[in-house]
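Participant: What follows is a single structure, and I will ask about it in a moment.
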Amino acid sequence: MTISKHSPLFKFTILSISLFLGSASAMSGAIPVMHQGMNNVSLGWIENLMTIPSLSVLIMLLISPFIANKLGIKTTILLGLGISGFMGIVPVFTNNFYLILISRIGLGIGLGIYNSLAYSIISYYYTGTERSTMMGLQSAMTGIGNLVMRLMAGALVTVSWHAVFMMYGLILLVIPLFFLIVPNDNRQAVEPITDDQPKQKESINIKVIFIAGTVLFLMLLPNLIGMKLPSMVTEENLGTAATATLGLAGMGLAQMFGSGLYGFIERFLKAWILPLAFIGGSLGILIIYTANQLPMVIAGALAFGFFVSMAAPYLLTLAADVAPIGSANLASAVVLLGVNVATFIAPTFWNTLGKLVGATDPRSIISDGMVLMVLMAVMSILYAIKQKNSHATTPDVSEEI
């Protein structure tokens with residue numbers, strides 16, 4: 001069956017694999033219920049189940065180009081979908097924590113195998129405006145996937161925490177569609193740099209490293225809300241695990257709207273979009289921290305998601321702008337590594353910080369996140385002022401950071 005790459009069905013098939021890229025954290029709303037069901041396992045270890053897939057994603061990001069060069073794009077994506085789908089549903093059938101932990105690592109391996117290919121396959125089939133449009137739709141599909149998975153988790157957690165992991169079965173449904181619609185390819189997914197640009201070896205500079213560090217600390221914050229908001233809601237009897245999960249789904253929806261408006265807002269604010277994102281994010285965390293009713297908690301999550309979603313696109317674009325000539329792809333990869341490192345270390349980081357400051361309850365740890373967000377807001381204001389002054393003499397953004 002041959003279908004034009006310009007047809008809606010072909011495009012949907014290409015984009016459908018992006019629905020699950022952020023699905024590892026979708027089970028966060030089940031954390032309190034899992035802790036009740038496995039009271040011999042610490043809360044910290046159960047929280048690690050949410051973030052441990054990011055470690056294997058991190059490793060596979062480095063390995064997957066070599067796999068794709070051997071197997072081709074289509075086969076590698078199908079392999080990743082199969083592994084992530086089957087490993088994702090393992091917790092449905094077992095109470096063994098160590099088996100669940102292994103399955104979560106396997107989920108990350110599967111997602112990591114095709115993570116970067118969800119982007120490169122678009123460049124494989126499309127060029128120009130059509131490629132730009134597909135890239136935008138790819139980001140939207142990831143947001144839609146996060147929202148749908150969180151809504152499913154909120155509904156399934158009312159049945160049992162085992163049932164929550166049934167949602168990963170959706171990944172398996174994409175396999176036959178992708179297998180039938182997308183043709184086989186013989187071209188390498190990632191061309192070695194030296195093949196096309198033997199005189200320009202990719203490298204990174206201190207500016208890219210600084211941006212990656214900023215993204216790392218930034219991504220610690222959504223993970224904080226995802227981990228601690230359900231525990232705060234249930235422990236303080238503000239609501240149930242299901243309602244907390246719906247609040248996180250709302251945060252995901254707000255992130256979709258924020259990302260969708262980013263291009264429009266950035267045209268007017270330029271570098272000042274970072275202070276807007278961080279100040280707005282600080283306000284959202286403040287609302288959550290001071291809330292004593294569920295609607296206010298959800299309102300804070302919505303505000304946090306909306307504003308913080310505007311920071312990442314700017315930082316990713318900036319990384320490509322300030323990278324050495326011919327190194328934009330490597331710069332993006334380094335920033336992407338920062339995202340996954342943040343997701344992996346988030347439980348240990350926040351729980352250790354809580355112990356150091358003598359406040360280990362969820363609400364107090366969330367307040368630690370507000371302090372970090374405020375510090376980032378101050379730094380972003382200083383950066384925006386510096387950018388404004390530099391633009392008064394030169395339009396080259398790569399001269400400043």
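Letters A, B, ... mark the chains of the structure tokens in the order given; residue numbers begin at 1 per chain; ligand numbers begin at 1, in order shown.
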Compile the contact shell of Gln138 of chain A as a list in words: residues with an atom at most 10 Å away, counting only C-alpha atoms, same-chain residues fewer than 6 positions apart removed.

Facilitator: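 Near Gln138 of chain A, the qualifying residues are Phe12, Ile14, Leu15, Ser16, Ile17, Ser18, Leu19, Ala118, Tyr119, Ile122, Ser132 and Ile144 of chain A.
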
Participant: Excluding Leu21 of chain A and any residue of its chain fewer than 4 positions from it, enumerate the residues within 12 Å of it, using only C-alpha atoms, and give them as JSON, numbers by chain.

Facilitator: {"A": [15, 16, 17, 25, 26, 53, 54, 57, 80, 81, 84, 85, 107, 108, 109, 110, 111, 112, 113, 114, 115, 116, 117, 118, 119, 138, 139, 140, 141, 142, 143, 144, 145, 146, 147, 149, 168, 171, 340]}

Participant: Which of these residues is nearest to Ser259 of chain A, using only C-alpha atoms: A:Val308, A:Val164, A:Ile287, A:Leu218?

Facilitator: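 Comparing A:Val308, A:Val164, A:Ile287, A:Leu218 against Ser259 of chain A, the winner is A:Val308.
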
Participant: Taking 5 positions as the minimum chain separation for residues in the same chain, which residues sit within 8 Å of Phe10 of chain A when counting only C-alpha atoms? Answer as a compact mmCIF listing (two decimals) with all heavy atoms, in the first residue's frame.

Facilitator:
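For reference, out-v7.txt as written:
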# COMPACT_ATOMS: atom_id res chain seq x y z
N ILE A 3 1.00 5.30 0.00
CA ILE A 3 0.24 6.50 0.34
C ILE A 3 1.16 7.70 0.23
O ILE A 3 2.31 7.67 0.69
CB ILE A 3 -0.35 6.40 1.77
CG1 ILE A 3 -1.33 5.24 1.85
CG2 ILE A 3 -1.03 7.70 2.17
CD1 ILE A 3 -1.93 5.04 3.21
N SER A 4 0.67 8.77 -0.37
CA SER A 4 1.48 9.97 -0.53
C SER A 4 1.89 10.53 0.83
O SER A 4 1.10 10.56 1.78
CB SER A 4 0.68 11.03 -1.30
OG SER A 4 1.35 12.28 -1.26
N LYS A 5 3.12 10.97 0.90
CA LYS A 5 3.61 11.54 2.15
C LYS A 5 2.90 12.85 2.49
O LYS A 5 3.00 13.33 3.63
CB LYS A 5 5.11 11.77 2.07
CG LYS A 5 5.54 12.84 1.07
CD LYS A 5 7.05 13.01 1.08
CE LYS A 5 7.48 14.12 0.13
NZ LYS A 5 8.96 14.31 0.15
N ILE A 181 1.66 2.00 6.90
CA ILE A 181 1.60 3.28 6.19
C ILE A 181 2.98 3.78 5.76
O ILE A 181 3.16 4.28 4.66
CB ILE A 181 0.89 4.34 7.05
CG1 ILE A 181 -0.54 3.90 7.37
CG2 ILE A 181 0.89 5.69 6.34
CD1 ILE A 181 -1.41 3.66 6.15
N VAL A 182 3.96 3.65 6.64
CA VAL A 182 5.28 4.22 6.36
C VAL A 182 6.12 3.21 5.57
O VAL A 182 6.27 2.07 6.00
CB VAL A 182 5.99 4.61 7.67
CG1 VAL A 182 7.39 5.17 7.38
CG2 VAL A 182 5.16 5.61 8.46

Participant: Excluding Ala342 of chain A and any residue of its chain fewer than 2 positions from it, enumerate the residues within 12 Å of it, using only C-alpha atoms, and give them as a PyMOL selection string.

Facilitator: chain A and resi 51-55+58+212-224+335-340+344-350

Participant: Quick one: pick out all alpha helix (DSSP H) residues within segment 320-379 of chain A from a backbone DSSP run and write them as a PyMOL selection string.

Facilitator: chain A and resi 320-322+328-356+362-379

Participant: Restricting the output to C-alpha atoms, write the selected residues as a PDB file, in the first residue's frame.

Facilitator:
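Contents of result10.pdb, as written:
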ATOM      1  CA  ALA A 320      21.247  26.903  18.384  1.00  0.00           C
ATOM      2  CA  ASP A 321      21.944  30.629  17.904  1.00  0.00           C
ATOM      3  CA  VAL A 322      24.950  30.812  20.233  1.00  0.00           C
ATOM      4  CA  ALA A 328      23.335  23.619  16.094  1.00  0.00           C
ATOM      5  CA  ASN A 329      22.389  19.919  16.120  1.00  0.00           C
ATOM      6  CA  LEU A 330      24.944  19.092  18.808  1.00  0.00           C
ATOM      7  CA  ALA A 331      23.807  22.074  20.876  1.00  0.00           C
ATOM      8  CA  SER A 332      20.203  20.876  20.741  1.00  0.00           C
ATOM      9  CA  ALA A 333      21.313  17.388  21.764  1.00  0.00           C
ATOM     10  CA  VAL A 334      23.209  18.741  24.767  1.00  0.00           C
ATOM     11  CA  VAL A 335      20.154  20.710  25.889  1.00  0.00           C
ATOM     12  CA  LEU A 336      18.000  17.598  25.422  1.00  0.00           C
ATOM     13  CA  LEU A 337      20.405  15.674  27.642  1.00  0.00           C
ATOM     14  CA  GLY A 338      19.908  18.361  30.285  1.00  0.00           C
ATOM     15  CA  VAL A 339      16.146  17.775  30.137  1.00  0.00           C
ATOM     16  CA  ASN A 340      16.519  14.049  30.748  1.00  0.00           C
ATOM     17  CA  VAL A 341      19.132  14.447  33.479  1.00  0.00           C
ATOM     18  CA  ALA A 342      16.747  16.783  35.314  1.00  0.00           C
ATOM     19  CA  THR A 343      13.929  14.268  35.070  1.00  0.00           C
ATOM     20  CA  PHE A 344      16.143  11.493  36.395  1.00  0.00           C
ATOM     21  CA  ILE A 345      17.616  13.333  39.381  1.00  0.00           C
ATOM     22  CA  ALA A 346      14.431  15.222  40.363  1.00  0.00           C
ATOM     23  CA  PRO A 347      13.253  12.869  43.180  1.00  0.00           C
ATOM     24  CA  THR A 348      16.698  12.663  44.765  1.00  0.00           C
ATOM     25  CA  PHE A 349      17.339  16.390  44.327  1.00  0.00           C
ATOM     26  CA  TRP A 350      14.104  17.590  45.909  1.00  0.00           C
ATOM     27  CA  ASN A 351      13.961  15.010  48.690  1.00  0.00           C
ATOM     28  CA  THR A 352      17.599  15.668  49.625  1.00  0.00           C
ATOM     29  CA  LEU A 353      17.042  19.420  49.557  1.00  0.00           C
ATOM     30  CA  GLY A 354      14.001  18.984  51.783  1.00  0.00           C
ATOM     31  CA  LYS A 355      16.078  17.059  54.326  1.00  0.00           C
ATOM     32  CA  LEU A 356      18.844  19.654  54.252  1.00  0.00           C
ATOM     33  CA  PRO A 362       5.205  17.930  50.096  1.00  0.00           C
ATOM     34  CA  ARG A 363       3.990  21.504  50.623  1.00  0.00           C
ATOM     35  CA  SER A 364       7.306  22.653  52.093  1.00  0.00           C
ATOM     36  CA  ILE A 365       9.326  21.010  49.325  1.00  0.00           C
ATOM     37  CA  ILE A 366       7.123  22.770  46.762  1.00  0.00           C
ATOM     38  CA  SER A 367       8.068  26.061  48.441  1.00  0.00           C
ATOM     39  CA  ASP A 368      11.741  25.186  47.812  1.00  0.00           C
ATOM     40  CA  GLY A 369      10.849  25.085  44.143  1.00  0.00           C
ATOM     41  CA  MET A 370       9.420  28.596  44.389  1.00  0.00           C
ATOM     42  CA  VAL A 371      12.756  29.849  45.731  1.00  0.00           C
ATOM     43  CA  LEU A 372      14.584  28.310  42.759  1.00  0.00           C
ATOM     44  CA  MET A 373      12.045  29.800  40.361  1.00  0.00           C
ATOM     45  CA  VAL A 374      12.474  33.279  41.861  1.00  0.00           C
ATOM     46  CA  LEU A 375      16.259  33.025  41.547  1.00  0.00           C
ATOM     47  CA  MET A 376      15.870  32.076  37.888  1.00  0.00           C
ATOM     48  CA  ALA A 377      13.496  35.015  37.408  1.00  0.00           C
ATOM     49  CA  VAL A 378      16.107  37.440  38.788  1.00  0.00           C
ATOM     50  CA  MET A 379      18.799  35.985  36.515  1.00  0.00           C
TER      51      MET A 379
END

Participant: Quick one: residues within 7 Å of Asp185 of chain A, only C-alpha atoms counted, chain neighbours fewer than 6 positions away excluded, as an mmCIF file with N, CA, C and O atoms, in the first residue's frame?

Facilitator:
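Just written: part_19.cif:
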data_model
loop_
_atom_site.group_PDB
_atom_site.id
_atom_site.type_symbol
_atom_site.label_atom_id
_atom_site.label_comp_id
_atom_site.auth_asym_id
_atom_site.auth_seq_id
_atom_site.Cartn_x
_atom_site.Cartn_y
_atom_site.Cartn_z
ATOM 1 N N GLY A 72 17.808 1.244 9.888
ATOM 2 C CA GLY A 72 16.929 2.155 9.170
ATOM 3 C C GLY A 72 15.940 2.823 10.122
ATOM 4 O O GLY A 72 15.714 2.361 11.242
ATOM 5 N N ILE A 73 15.342 3.900 9.658
ATOM 6 C CA ILE A 73 14.443 4.694 10.504
ATOM 7 C C ILE A 73 13.210 3.893 10.903
ATOM 8 O O ILE A 73 12.859 3.804 12.085
ATOM 9 N N LYS A 74 12.533 3.301 9.927
ATOM 10 C CA LYS A 74 11.267 2.627 10.200
ATOM 11 C C LYS A 74 11.448 1.474 11.179
ATOM 12 O O LYS A 74 10.709 1.362 12.166
#

Participant: For Val90 of chain A, work out the shell of residues within 9 Å, counting only C-alpha atoms and skipping chain neighbours fewer than 3 positions away, then give it as a ChimeraX atom specification.

Facilitator: /A:86-87,93-94,99-100,103-104,165-166

Participant: Write the residues you've just listed into a file as a PDB file, in the first residue's frame, and include C-alpha atoms for each of them.

Facilitator:
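Produced file again_4.pdb, reproduced below:
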ATOM      1  CA  PHE A  86       5.249  -4.158  26.185  1.00  0.00           C
ATOM      2  CA  MET A  87       7.443  -2.953  29.039  1.00  0.00           C
ATOM      3  CA  PHE A  93       0.293  -7.833  36.113  1.00  0.00           C
ATOM      4  CA  THR A  94       2.677  -7.715  39.085  1.00  0.00           C
ATOM      5  CA  LEU A  99      10.085  -6.182  38.371  1.00  0.00           C
ATOM      6  CA  ILE A 100       8.150  -2.917  38.046  1.00  0.00           C
ATOM      7  CA  SER A 103       9.877  -2.545  33.371  1.00  0.00           C
ATOM      8  CA  ARG A 104      10.134   1.220  33.836  1.00  0.00           C
ATOM      9  CA  PHE A 165      -0.347   1.234  33.514  1.00  0.00           C
ATOM     10  CA  MET A 166      -2.883  -0.130  31.019  1.00  0.00           C
TER      11      MET A 166
END

Participant: What's the separation between atom CA of Ala241 of chain A and atom CA of Leu172 of chain A, in Å to one decimal place?

Facilitator: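 Atom CA of Leu172 of chain A lies 26.6 Å from atom CA of Ala241 of chain A.
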